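Asker: Could you have a look at this structure, given as structure tokens, before my questions?
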Amino acid sequence: MSYFWTNLAAHLLVSFLLLLLLLWAVKNTQQNRWKKGFLYLLPFVVMVILLVQLSLYSIPRILDTTTVLRSTYRMSSGTIEKVGQFGDKVVIDGVTYYVNPFSFELEKGDEVIVKYTPYAHYAYSLELEVPEDEKEEILSSEK
């Protein structure tokens with residue numbers, strides 16, 4: 001779960017830096033320090049970017065901290081439809097899950113069981129789902 005905590009810290013740092021940039025832009029706008037007229041819109045643009053960053057990334061991860069601390073994950077199963085370019089997210093039955101790119105080696109079309117956090121959809125574990133006929137073969141071969 002260190003990837004989750006690192007990811008949370010990185011998103012909080014980005015949000016904090018955007019907040020500092022917003023405060024700096026507002027201060028310069030109030031004191032009429034801008035030489036170009038279009039820079040008066042900078043606080044609005046930075047505010048929109050900050051709100052998107054908070055609503056899509058930082059706040060869901062903050063809400064998921066209790067889930068991670070208590071280890072009370074949700075479970076789902078399905079087929080992997082798409083794997084992200086960097087391996088940091090997978091789409092399973094239309095839902096995007098964020099994964100640690102260093103710990104999962106799954107491919108498109110794999111049937112998996114995923115344990116995930118409810119708000120950010122961070123996947124704690126992805127396990128290959130064994131079909132029923134293969135389970136029977138494995139059980140019969142063990143006897």
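FYI, nothing fancy with the structure tokens labels: chains A, B, ... in order, residues from 1 per chain, ligands from 1 as they appear.
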Could you find all residues in region 35-120 of chain A that DSSP calls alpha helix (DSSP H) from the backbone, and write them as a ChimeraX atom specification?
Answerer: /A:42-53,59-63,65-70
Asker: Give the strand (DSSP E or B) residues of chain A, as DSSP finds them on the backbone, and put them as a PyMOL selection string.
Answerer: chain A and resi 74-83+89-92+95-98+111-116+122-128
Asker: Output C-alpha atoms of each residue in that selection to a file, as a PDB file, in the first residue's frame.
Answerer:
```pdb
ATOM      1  CA  ARG A  74     -14.841  -3.617  -1.867  1.00  0.00           C
ATOM      2  CA  MET A  75     -14.691  -6.579  -4.227  1.00  0.00           C
ATOM      3  CA  SER A  76     -15.732  -6.991  -7.829  1.00  0.00           C
ATOM      4  CA  SER A  77     -14.964  -9.326 -10.694  1.00  0.00           C
ATOM      5  CA  GLY A  78     -14.890  -8.917 -14.426  1.00  0.00           C
ATOM      6  CA  THR A  79     -12.867  -8.917 -17.611  1.00  0.00           C
ATOM      7  CA  ILE A  80     -10.014  -6.504 -18.259  1.00  0.00           C
ATOM      8  CA  GLU A  81     -11.018  -4.407 -21.246  1.00  0.00           C
ATOM      9  CA  LYS A  82      -8.062  -2.043 -21.376  1.00  0.00           C
ATOM     10  CA  VAL A  83      -4.698  -1.567 -19.662  1.00  0.00           C
ATOM     11  CA  LYS A  89      -4.795   1.850 -14.591  1.00  0.00           C
ATOM     12  CA  VAL A  90      -7.037  -0.868 -15.952  1.00  0.00           C
ATOM     13  CA  VAL A  91     -10.612  -0.810 -17.192  1.00  0.00           C
ATOM     14  CA  ILE A  92     -12.673  -3.732 -15.912  1.00  0.00           C
ATOM     15  CA  VAL A  95     -14.907   0.923 -14.563  1.00  0.00           C
ATOM     16  CA  THR A  96     -11.400   2.381 -14.321  1.00  0.00           C
ATOM     17  CA  TYR A  97      -9.221   1.137 -11.455  1.00  0.00           C
ATOM     18  CA  TYR A  98      -5.857   2.648 -10.534  1.00  0.00           C
ATOM     19  CA  GLU A 111     -10.847 -12.572 -15.885  1.00  0.00           C
ATOM     20  CA  VAL A 112      -9.961 -11.018 -12.529  1.00  0.00           C
ATOM     21  CA  ILE A 113     -11.235 -10.414  -9.027  1.00  0.00           C
ATOM     22  CA  VAL A 114     -10.366  -6.924  -7.809  1.00  0.00           C
ATOM     23  CA  LYS A 115     -10.312  -5.522  -4.277  1.00  0.00           C
ATOM     24  CA  TYR A 116     -10.525  -1.741  -4.435  1.00  0.00           C
ATOM     25  CA  TYR A 122      -7.457   2.219  -6.209  1.00  0.00           C
ATOM     26  CA  ALA A 123      -6.980  -1.534  -6.687  1.00  0.00           C
ATOM     27  CA  TYR A 124      -5.490  -3.167  -3.622  1.00  0.00           C
ATOM     28  CA  SER A 125      -5.257  -6.561  -5.309  1.00  0.00           C
ATOM     29  CA  LEU A 126      -6.027  -8.114  -8.670  1.00  0.00           C
ATOM     30  CA  GLU A 127      -6.297 -11.887  -8.810  1.00  0.00           C
ATOM     31  CA  LEU A 128      -6.904 -14.067 -11.824  1.00  0.00           C
TER      32      LEU A 128
END
```
Asker: Separation of CA of Ser55 (chain A) and CA of Ser15 (chain A), in Å?
Answerer: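 Going from CA of Ser55 (chain A) over to CA of Ser15 (chain A), I get 10.4 Å.
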Asker: Would you mind listing what lies within 12 Å of Val45 (chain A) as an NGL selection string, with only C-alpha atoms counted and same-chain residues fewer than 2 positions away left out?
Answerer: :A and (18-19 or 21-22 or 25-26 or 38-43 or 47-52)
Asker: Deliver the residues from the most recent selection as a file, using C-alpha atoms, as a compact mmCIF listing (two decimals), in the first residue's frame.
Answerer:
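File written: out-v7.txt
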```txt
# COMPACT_ATOMS: atom_id res chain seq x y z
CA LEU A 18 -1.89 25.03 -7.16
CA LEU A 19 -3.35 26.73 -4.07
CA LEU A 21 -0.20 29.71 -7.29
CA LEU A 22 -3.84 30.78 -6.94
CA ALA A 25 -2.19 35.26 -8.78
CA VAL A 26 -5.02 36.78 -6.73
CA PHE A 38 -5.21 38.60 -20.19
CA LEU A 39 -3.27 37.76 -17.00
CA TYR A 40 -6.20 39.10 -14.98
CA LEU A 41 -7.93 35.80 -15.88
CA LEU A 42 -5.09 33.75 -14.37
CA PRO A 43 -6.75 33.39 -10.92
CA MET A 47 -9.01 28.03 -9.61
CA VAL A 48 -10.69 25.80 -12.20
CA ILE A 49 -7.59 23.60 -12.46
CA LEU A 50 -7.38 23.39 -8.66
CA LEU A 51 -11.04 22.40 -8.35
CA VAL A 52 -10.64 19.68 -10.98
```
Asker: From the options A:Lys108, A:His121, A:Lys27, A:Lys36, which residue's atoms come nearest to Thr67 (chain A), counting only C-alpha atoms?
Answerer: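 Looking only at the distances to Thr67 (chain A), the closest residue turns out to be A:His121.
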Asker: So, counting only C-alpha atoms, which residue among A:Glu129, A:Thr117, A:Ser2, A:Asn28 is closest to Asp64 (chain A)?
Answerer: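 Once distances to Asp64 (chain A) are computed over only C-alpha atoms, the minimum belongs to A:Thr117.
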Asker: Of the candidates A:Leu20, A:Asn100, A:Val46, A:Leu12, which shows the shortest atom-to-atom distance to Arg61 (chain A), using only C-alpha atoms?
Answerer: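 Closest to Arg61 (chain A) of all the choices is A:Leu12.
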